[in-house]
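protein-v8.txt follows (compact mmCIF, C-alpha atoms and all ligand atoms):
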```
# COMPACT_ATOMS: atom_id res chain seq x y z
CA MET A 1 0.00 0.00 0.00
CA ASN A 2 1.26 3.49 -0.77
CA ALA A 3 2.24 5.00 2.58
CA HIS A 4 1.31 8.48 1.35
CA VAL A 5 -2.29 7.90 0.42
CA PRO A 6 -4.19 10.18 2.79
CA PRO A 7 -4.65 10.17 5.68
CA TYR A 8 -0.88 10.24 6.20
CA ASP A 9 1.24 12.19 8.63
CA PRO A 10 2.25 15.42 6.85
CA ALA A 11 5.15 15.94 9.27
CA LEU A 12 6.99 12.80 8.15
CA PRO A 13 9.81 13.41 5.65
CA ARG A 14 9.14 11.98 2.22
CA HIS A 15 11.13 11.91 -0.99
CA ASP A 16 8.42 11.19 -3.54
CA TRP A 17 7.20 14.77 -4.01
CA THR A 18 6.19 15.67 -7.54
CA LEU A 19 6.65 19.15 -8.96
CA ALA A 20 2.86 19.42 -9.12
CA ASP A 21 2.61 18.62 -5.38
CA VAL A 22 5.06 21.39 -4.57
CA GLU A 23 3.36 23.89 -6.88
CA ALA A 24 0.02 23.07 -5.24
CA LEU A 25 1.42 24.04 -1.83
CA PHE A 26 2.38 27.48 -3.20
CA GLU A 27 -1.21 27.90 -4.37
CA LEU A 28 -2.78 27.31 -0.95
CA PRO A 29 -4.45 30.27 0.78
CA PHE A 30 -1.64 32.09 2.61
CA THR A 31 -3.11 31.50 6.07
CA GLU A 32 -3.60 27.79 5.40
CA LEU A 33 -0.06 27.40 4.06
CA VAL A 34 1.53 29.18 7.03
CA PHE A 35 -0.63 27.26 9.50
CA ARG A 36 0.36 23.90 8.01
CA ALA A 37 4.03 24.88 7.97
CA ALA A 38 3.87 26.08 11.59
CA GLU A 39 2.29 22.77 12.63
CA VAL A 40 5.02 20.73 10.94
CA HIS A 41 7.69 23.04 12.41
CA ARG A 42 6.44 22.26 15.93
CA ARG A 43 6.61 18.53 15.36
CA TRP A 44 10.38 18.58 14.96
CA PHE A 45 11.59 21.81 16.57
CA ASP A 46 10.91 24.22 19.39
CA PRO A 47 9.45 27.18 17.45
CA ALA A 48 10.99 29.65 19.92
CA GLU A 49 14.51 28.52 18.95
CA LEU A 50 16.78 29.82 16.20
CA GLN A 51 20.02 28.28 14.98
CA LEU A 52 22.68 31.02 14.64
CA SER A 53 25.40 30.84 11.97
CA GLN A 54 28.07 33.39 11.14
CA LEU A 55 29.86 33.78 7.82
CA LEU A 56 33.41 34.79 6.98
CA SER A 57 34.71 35.27 3.47
CA VAL A 58 38.10 33.55 3.77
CA LYS A 59 38.94 34.19 0.11
CA THR A 60 37.12 37.00 -1.62
CA GLY A 61 36.61 37.91 -5.28
CA GLY A 62 38.33 37.01 -8.55
CA CYS A 63 36.10 33.99 -9.13
CA PRO A 64 36.13 32.46 -12.64
CA GLU A 65 32.44 31.46 -12.46
CA ASN A 66 29.74 33.77 -13.86
CA CYS A 67 26.89 33.39 -11.34
CA GLY A 68 24.72 36.37 -12.32
CA TYR A 69 23.95 37.41 -8.74
CA CYS A 70 27.47 37.37 -7.37
CA ALA A 71 29.67 40.27 -6.28
CA GLN A 72 32.73 38.04 -6.48
CA SER A 73 32.70 36.89 -10.10
CA GLN A 74 35.57 38.28 -12.17
CA SER A 75 33.11 38.52 -15.08
CA PHE A 76 31.44 41.61 -13.59
CA LYS A 77 32.71 45.01 -12.45
CA THR A 78 31.40 45.16 -8.89
CA GLY A 79 34.25 46.93 -7.10
CA VAL A 80 35.00 43.88 -4.93
CA ALA A 81 38.77 43.43 -4.72
CA ALA A 82 40.23 39.92 -4.97
CA THR A 83 42.12 38.71 -1.92
CA LYS A 84 44.28 35.68 -1.12
CA LEU A 85 43.16 32.83 1.12
CA MET A 86 43.41 34.03 4.74
CA ASP A 87 45.80 32.43 7.21
CA ALA A 88 44.29 29.80 9.47
CA GLU A 89 45.16 31.85 12.58
CA THR A 90 43.25 34.90 11.28
CA VAL A 91 40.20 32.77 10.53
CA ILE A 92 40.33 31.03 13.91
CA ALA A 93 40.56 34.41 15.70
CA ALA A 94 37.49 35.64 13.77
CA ALA A 95 35.64 32.45 14.70
CA ALA A 96 36.45 32.99 18.39
CA GLU A 97 34.98 36.49 18.11
CA ALA A 98 31.89 35.12 16.37
CA LYS A 99 31.45 32.57 19.17
CA ALA A 100 31.72 35.32 21.77
CA GLY A 101 28.98 37.16 19.85
CA GLY A 102 26.66 34.16 20.09
CA ALA A 103 27.36 32.25 16.87
CA GLN A 104 26.85 28.49 17.04
CA ARG A 105 28.13 27.61 13.58
CA PHE A 106 30.96 29.28 11.69
CA CYS A 107 30.79 29.16 7.91
CA MET A 108 33.92 29.79 5.83
CA GLY A 109 33.26 30.92 2.25
CA ALA A 110 35.73 31.06 -0.63
CA ALA A 111 35.15 32.55 -4.08
CA TRP A 112 36.38 29.48 -5.88
CA ARG A 113 34.98 27.44 -8.76
CA ASP A 114 36.41 24.37 -7.06
CA LEU A 115 38.71 23.50 -4.20
CA LYS A 116 42.34 22.97 -5.29
CA ASP A 117 44.38 20.27 -3.56
CA ARG A 118 47.15 22.81 -2.91
CA ASP A 119 44.78 24.79 -0.67
CA LEU A 120 43.44 21.76 1.17
CA PRO A 121 46.01 21.65 4.04
CA LYS A 122 45.38 25.29 4.95
CA VAL A 123 41.62 24.86 4.76
CA CYS A 124 41.82 21.72 6.89
CA SER A 125 43.86 23.51 9.54
CA MET A 126 41.33 26.37 9.74
CA VAL A 127 38.48 23.87 9.99
CA ALA A 128 40.23 21.94 12.76
CA GLY A 129 41.02 25.16 14.66
CA VAL A 130 37.43 26.44 14.43
CA LYS A 131 36.06 23.05 15.50
CA ALA A 132 38.42 23.06 18.50
CA LEU A 133 36.73 26.27 19.70
CA GLY A 134 33.55 24.24 20.22
CA LEU A 135 31.76 25.68 17.19
CA GLU A 136 29.94 23.75 14.50
CA THR A 137 31.90 24.12 11.26
CA CYS A 138 30.67 24.81 7.76
CA ALA A 139 32.49 25.67 4.53
CA THR A 140 31.49 26.68 1.02
CA LEU A 141 34.43 26.35 -1.34
CA GLY A 142 32.88 25.49 -4.70
CA MET A 143 32.96 22.01 -6.21
CA VAL A 144 34.77 19.25 -4.31
CA THR A 145 35.88 15.74 -5.26
CA GLN A 146 35.14 12.70 -3.11
CA ASP A 147 38.71 12.63 -1.74
CA GLN A 148 38.53 16.31 -0.83
CA ALA A 149 35.16 15.89 0.88
CA ASN A 150 36.56 12.97 2.86
CA ALA A 151 39.59 15.04 3.90
CA LEU A 152 37.39 17.95 5.01
CA LYS A 153 35.22 15.58 7.04
CA ALA A 154 38.32 14.09 8.68
CA ALA A 155 39.54 17.61 9.56
CA GLY A 156 36.32 18.26 11.49
CA LEU A 157 34.01 19.86 8.92
CA ASP A 158 30.39 19.30 9.98
CA TYR A 159 28.53 20.97 7.07
CA TYR A 160 29.32 21.73 3.45
CA ASN A 161 27.26 24.45 1.76
CA HIS A 162 26.65 24.11 -1.95
CA ASN A 163 23.45 25.67 -3.28
CA LEU A 164 21.39 24.61 -6.27
CA ASP A 165 20.42 28.31 -6.39
CA THR A 166 17.21 27.96 -8.45
CA GLY A 167 15.02 25.47 -10.30
CA PRO A 168 16.62 23.39 -13.08
CA ASP A 169 14.67 25.17 -15.85
CA TYR A 170 15.83 28.65 -14.87
CA TYR A 171 19.39 27.77 -13.87
CA ASP A 172 20.93 28.47 -17.32
CA GLN A 173 19.63 32.03 -17.16
CA VAL A 174 21.76 32.63 -14.06
CA VAL A 175 24.99 30.61 -14.47
CA THR A 176 26.58 29.10 -17.57
CA THR A 177 30.05 28.13 -16.33
CA ARG A 178 28.89 25.04 -14.43
CA THR A 179 25.89 22.78 -14.75
CA TYR A 180 23.11 21.78 -12.42
CA GLN A 181 24.51 18.25 -12.59
CA ASP A 182 27.95 19.52 -11.44
CA ARG A 183 26.22 20.84 -8.34
CA LEU A 184 24.34 17.61 -7.74
CA ASP A 185 27.62 15.69 -8.07
CA THR A 186 29.31 17.84 -5.41
CA LEU A 187 26.34 17.33 -3.09
CA ALA A 188 26.62 13.57 -3.63
CA ALA A 189 30.32 13.62 -2.67
CA VAL A 190 29.48 15.62 0.47
CA ARG A 191 26.76 13.15 1.49
CA GLU A 192 29.01 10.18 0.78
CA SER A 193 31.75 11.63 3.03
CA GLY A 194 29.33 11.68 5.96
CA MET A 195 29.22 15.47 6.23
CA SER A 196 25.86 17.18 6.55
CA THR A 197 24.68 19.13 3.54
CA CYS A 198 23.64 22.76 3.52
CA CYS A 199 21.82 23.42 0.27
CA GLY A 200 19.24 25.94 -0.84
CA GLY A 201 18.95 28.86 -3.20
CA ILE A 202 17.96 32.41 -3.97
CA VAL A 203 14.66 34.10 -4.69
CA GLY A 204 14.40 37.41 -6.52
CA MET A 205 16.42 36.57 -9.63
CA GLY A 206 13.50 37.01 -12.03
CA GLU A 207 12.39 33.39 -11.65
CA THR A 208 8.75 32.30 -11.70
CA ARG A 209 6.87 30.61 -8.88
CA ARG A 210 7.24 27.39 -10.88
CA ASP A 211 11.04 27.81 -10.77
CA ARG A 212 10.88 28.34 -7.00
CA ALA A 213 8.80 25.18 -6.70
CA GLY A 214 11.35 23.52 -9.01
CA LEU A 215 14.19 24.29 -6.60
CA LEU A 216 12.28 22.98 -3.59
CA HIS A 217 11.22 19.91 -5.57
CA GLN A 218 14.88 19.14 -6.31
CA LEU A 219 15.81 19.51 -2.62
CA ALA A 220 12.86 17.43 -1.45
CA THR A 221 13.70 14.54 -3.78
CA LEU A 222 17.43 14.30 -2.99
CA PRO A 223 18.47 10.95 -1.46
CA SER A 224 18.48 12.77 1.89
CA HIS A 225 17.07 16.20 2.61
CA PRO A 226 19.71 18.86 3.26
CA GLU A 227 20.24 19.22 7.00
CA SER A 228 20.36 22.99 6.44
CA LEU A 229 18.30 24.70 3.78
CA PRO A 230 19.17 28.36 3.21
CA ILE A 231 16.67 30.57 1.40
CA ASN A 232 18.44 33.75 0.30
CA ASP A 233 16.59 36.87 -0.77
CA LEU A 234 18.77 38.31 -3.54
CA MET A 235 21.13 41.04 -2.39
CA PRO A 236 21.23 42.97 -5.68
CA ILE A 237 24.84 43.82 -6.53
CA PRO A 238 25.40 46.80 -8.85
CA GLY A 239 27.46 45.72 -11.86
CA THR A 240 26.05 42.18 -11.98
CA PRO A 241 23.41 41.09 -14.52
CA LEU A 242 20.91 40.86 -11.64
CA GLY A 243 21.89 44.17 -10.03
CA ASP A 244 18.63 45.87 -11.03
CA SER A 245 16.29 43.00 -10.18
CA PRO A 246 13.07 44.19 -8.54
CA PRO A 247 12.59 42.87 -4.99
CA VAL A 248 10.40 39.83 -4.45
CA ASP A 249 7.12 40.45 -2.67
CA GLY A 250 7.52 39.72 1.05
CA LEU A 251 4.53 37.38 1.16
CA GLU A 252 5.96 35.35 -1.74
CA PHE A 253 9.22 35.06 0.22
CA VAL A 254 7.26 33.76 3.23
CA ARG A 255 5.49 31.25 0.98
CA MET A 256 8.89 29.99 -0.14
CA ILE A 257 9.92 29.47 3.50
CA ALA A 258 6.63 27.72 4.35
CA VAL A 259 6.84 25.35 1.39
CA ALA A 260 10.48 24.58 2.25
CA ARG A 261 9.38 23.69 5.79
CA LEU A 262 6.62 21.42 4.47
CA VAL A 263 8.69 19.53 1.90
CA CYS A 264 11.80 19.18 4.08
CA PRO A 265 10.19 19.04 7.54
CA LYS A 266 13.31 18.15 9.56
CA SER A 267 15.72 20.58 7.86
CA MET A 268 16.93 23.78 9.46
CA VAL A 269 15.36 26.31 7.12
CA ARG A 270 17.53 29.41 7.12
CA LEU A 271 16.26 32.90 6.51
CA ALA A 272 19.64 33.64 4.91
CA ALA A 273 20.73 36.71 2.89
CA GLY A 274 18.33 39.64 2.69
CA ARG A 275 17.32 40.25 6.31
CA GLU A 276 19.06 43.61 6.03
CA HIS A 277 16.14 44.87 3.92
CA MET A 278 13.36 43.02 5.79
CA SER A 279 11.18 44.51 8.51
CA PRO A 280 10.98 42.80 11.93
CA GLU A 281 7.38 41.90 11.02
CA LEU A 282 8.40 40.13 7.82
CA GLN A 283 11.14 38.23 9.65
CA ALA A 284 8.64 37.24 12.37
CA LEU A 285 6.27 35.95 9.70
CA ALA A 286 9.12 33.91 8.18
CA PHE A 287 9.81 32.38 11.62
CA LEU A 288 6.11 31.61 12.01
CA ALA A 289 6.21 29.92 8.59
CA GLY A 290 9.01 27.62 9.73
CA ALA A 291 12.34 29.41 9.32
CA ASN A 292 14.51 28.47 12.29
CA SER A 293 17.99 29.62 11.40
CA ILE A 294 19.64 32.94 10.54
CA PHE A 295 23.05 34.42 9.79
CA ILE A 296 24.22 36.75 12.53
CA GLY A 297 27.05 39.29 12.37
CA ALA A 298 27.09 42.60 10.53
CA ARG A 299 28.56 41.09 7.34
CA LEU A 300 27.55 38.20 5.11
CA LEU A 301 30.32 37.62 2.53
CA THR A 302 30.53 40.98 0.76
CA THR A 303 27.23 42.57 1.82
CA ASP A 304 25.63 43.84 5.02
CA ASN A 305 23.51 41.98 7.52
CA PRO A 306 21.70 43.35 10.61
CA ASP A 307 24.20 44.04 13.40
CA GLN A 308 24.37 42.34 16.78
CA ASP A 309 22.29 44.97 18.58
CA ALA A 310 19.47 44.82 16.00
CA ASP A 311 19.32 41.02 16.20
CA LYS A 312 19.50 40.99 20.01
CA ALA A 313 16.52 43.36 20.03
CA LEU A 314 14.65 41.26 17.46
CA LEU A 315 15.10 38.04 19.45
CA ALA A 316 14.15 39.79 22.69
CA ASP A 317 11.01 41.32 21.14
CA LEU A 318 9.94 37.96 19.76
CA LYS A 319 10.98 36.12 22.94
CA MET A 320 13.01 33.75 20.80
CA ARG A 321 16.34 32.22 21.83
CA PRO A 322 19.36 30.44 20.37
CA MET A 323 18.78 26.78 19.59
CA THR A 324 20.29 24.22 21.92
CA VAL A 325 23.02 22.55 19.83
CA ARG A 326 25.87 20.18 20.63
CA ALA A 327 29.02 21.05 18.67
N1 LIG A 401 32.01 29.98 -4.54
C1 LIG A 401 31.28 29.00 -3.84
C2 LIG A 401 30.10 28.50 -4.62
O1 LIG A 401 29.44 29.29 -5.31
O2 LIG A 401 29.83 27.30 -4.54
C3 LIG A 401 30.85 29.41 -2.46
C4 LIG A 401 30.36 30.82 -2.15
S1 LIG A 401 28.85 31.37 -2.92
C5 LIG A 401 28.96 33.09 -2.59
C6 LIG A 401 27.55 30.71 -1.90
C7 LIG A 401 26.12 31.02 -2.23
O3 LIG A 401 25.78 32.32 -1.78
C8 LIG A 401 25.69 31.02 -3.68
O4 LIG A 401 25.48 29.75 -4.19
C9 LIG A 401 24.38 31.81 -3.61
O5 LIG A 401 23.28 30.94 -3.39
C10 LIG A 401 24.59 32.73 -2.41
N2 LIG A 401 24.75 34.13 -2.86
C11 LIG A 401 25.83 34.64 -3.47
N3 LIG A 401 25.63 35.94 -3.80
C12 LIG A 401 24.38 36.25 -3.38
C13 LIG A 401 23.59 37.43 -3.44
N4 LIG A 401 24.03 38.54 -4.02
N5 LIG A 401 22.35 37.41 -2.90
C14 LIG A 401 21.89 36.28 -2.32
N6 LIG A 401 22.59 35.13 -2.25
C15 LIG A 401 23.81 35.11 -2.78
C1 LIG A 402 24.09 30.86 1.56
O1 LIG A 402 23.12 30.21 1.14
N1 LIG A 402 24.09 32.17 1.71
C2 LIG A 402 25.39 32.64 2.16
C3 LIG A 402 26.16 31.32 2.39
N2 LIG A 402 25.24 30.33 1.92
C4 LIG A 402 27.49 31.15 1.84
C5 LIG A 402 26.00 33.65 1.28
C6 LIG A 402 25.14 34.90 1.11
C7 LIG A 402 25.91 35.86 0.30
C8 LIG A 402 25.20 37.18 0.14
C9 LIG A 402 25.90 38.11 -0.75
C10 LIG A 402 27.24 38.56 -0.29
O2 LIG A 402 27.43 38.89 0.92
O3 LIG A 402 28.14 38.68 -1.14
FE1 LIG A 403 32.13 32.24 -7.73
FE2 LIG A 403 30.55 31.22 -5.81
FE3 LIG A 403 30.23 33.77 -6.68
FE4 LIG A 403 29.57 31.77 -8.28
S1 LIG A 403 28.64 32.25 -6.28
S2 LIG A 403 30.76 33.59 -8.89
S3 LIG A 403 31.13 30.25 -7.76
S4 LIG A 403 31.99 32.95 -5.60
```
How does this structure look as structure tokens?
Amino acid sequence: MNAHVPPYDPALPRHDWTLADVEALFELPFTELVFRAAEVHRRWFDPAELQLSQLLSVKTGGCPENCGYCAQSQSFKTGVAATKLMDAETVIAAAAEAKAGGAQRFCMGAAWRDLKDRDLPKVCSMVAGVKALGLETCATLGMVTQDQANALKAAGLDYYNHNLDTGPDYYDQVVTTRTYQDRLDTLAAVRESGMSTCCGGIVGMGETRRDRAGLLHQLATLPSHPESLPINDLMPIPGTPLGDSPPVDGLEFVRMIAVARLVCPKSMVRLAAGREHMSPELQALAFLAGANSIFIGARLLTTDNPDQDADKALLADLKMRPMTVRA
């Protein structure tokens, strides 16, 4: 018997979603969608808790890829200067500061197409040093091979972030220097290594609702759902092809969060980039709809994020608190 013939438990993770199923969730009345997502959220998480991650760009700019949203691609004139890979000690000191500021996970980002073996020892030593501080570790370094993923895992890397960015039908409009399949292959290597995956995408790049459903459909039908699922609201970067993109309607953004919560019920759904231009009310609605993770710290990679005082005030107003995590 098909386990998903109603009545079934909507809070149980499943991997047999169809694109039509996911699109149908987007079409629900807003209040019904948010209510369902909030119910599922409560089944797996304490809805008063937020997981707190902090980013550091450990190697900025000069990237050979042409992701149309990105400040760090060498294809676009964005005014972001290219830097070398930071020393492990500098990164570890920044992580200690992030921990003191309340971060639970420290995410190291590099503007690379792929990780080069020559950089692996330095990256592994920063990962090991950050892990030794008692933080969860995450890195986003472009494509990785199986051997590299295994080495990162052995060094103490808990999460690897690699986003699918958008639905498969819209992807070519955004990036042409690597394929959707390249991204799926990196995610497979990460899973195989035993690391947790952090994988999501961006809204606000001119995609349709069907493309948004397409992204969530891909995530929901992976062999295992990403443990972290970041939903970024595009930070428009002047000089990039998407620099003049109109903002996505706030309610559509909340729908994206709610559908993510419903199709990947046990994932940490992160309200990622874009909080800088969101009101406290919109953020609260996103938390109600199932978002339970944010980036803290005044900087993302190259763009701004609400500062510590603003986020302290937000959490206090909402009577929300950091998630209990074991690093
Ligand atoms: N270079 C690596 C890669 O692309 O795999 C890692 C860093 S890259 C900056 C990580 C992710 O950040 C991208 O896949 C994209 O989803 C997100 N991102 C980058 N620029 C953004 C922007 N301007 N607004 C929102 N999200 C963005
Ligand atoms: C993710 O999904 N969002 C983060 C992290 N993973 C690496 C990056 C957001 C970048 C926002 C634009 C910038 O600061 O350059
Ligand atoms: Fe390079 Fe990553 Fe930016 Fe794409 S998103 S241009 S791969 S840094």
- [ ] Kindly compile the residues surrounding ligand LIG 402 (chain A) within 8 Å, counting all atoms listed in the file, and format them as a VMD selection string.
- [x] chain A and resid 55 70 to 72 107 to 109 139 to 140 161 to 163 198 to 202 229 to 232 234 to 235 272 to 274 299 to 304
Open item on the list: Using only C-alpha atoms for the distances, tell me which of A:Ala298, A:Ala284, A:Leu152, A:Val80 is nearest to Pro47 (chain A).
Closed with: A:Ala284
Open item on the list: Using all atoms listed in the file, which protein or nucleic acid residues come within 9 Å of region 316-323 of chain A? Drop anything in the same chain fewer than 2 positions from it, and give the result as JSON, numbers by chain.
Closed with: {"A": [46, 47, 48, 49, 50, 51, 52, 102, 103, 104, 284, 292, 293, 311, 312, 313, 314, 325]}
- [ ] Using only C-alpha atoms and all ligand atoms, find each residue with an atom at most 7 Å away from ligand LIG 403 (chain A) and format the answer as a count of residues only.
- [x] 15
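Interatomic distance, CA of Lys99 (chain A) against CA of Val130 (chain A): 9.8 Å.
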- [ ] In Å, rounded to a single decimal, give me how far CA of Leu288 (chain A) is from atom O2 of ligand LIG 401 (chain A).
- [x] 29.2 Å
Open item on the list: Please compute the CA of Gly101 (chain A)-CA of Phe295 (chain A) distance, one decimal, in Å.
Closed with: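 Answer for the CA of Gly101 (chain A) to CA of Phe295 (chain A) separation: 12.0 Å.
Nearest-residue note for ligand LIG 401 (chain A): choosing from A:Met268, A:Ala24, A:Val144, A:Ala220, the minimum distance belongs to A:Val144, counting all atoms listed in the file.
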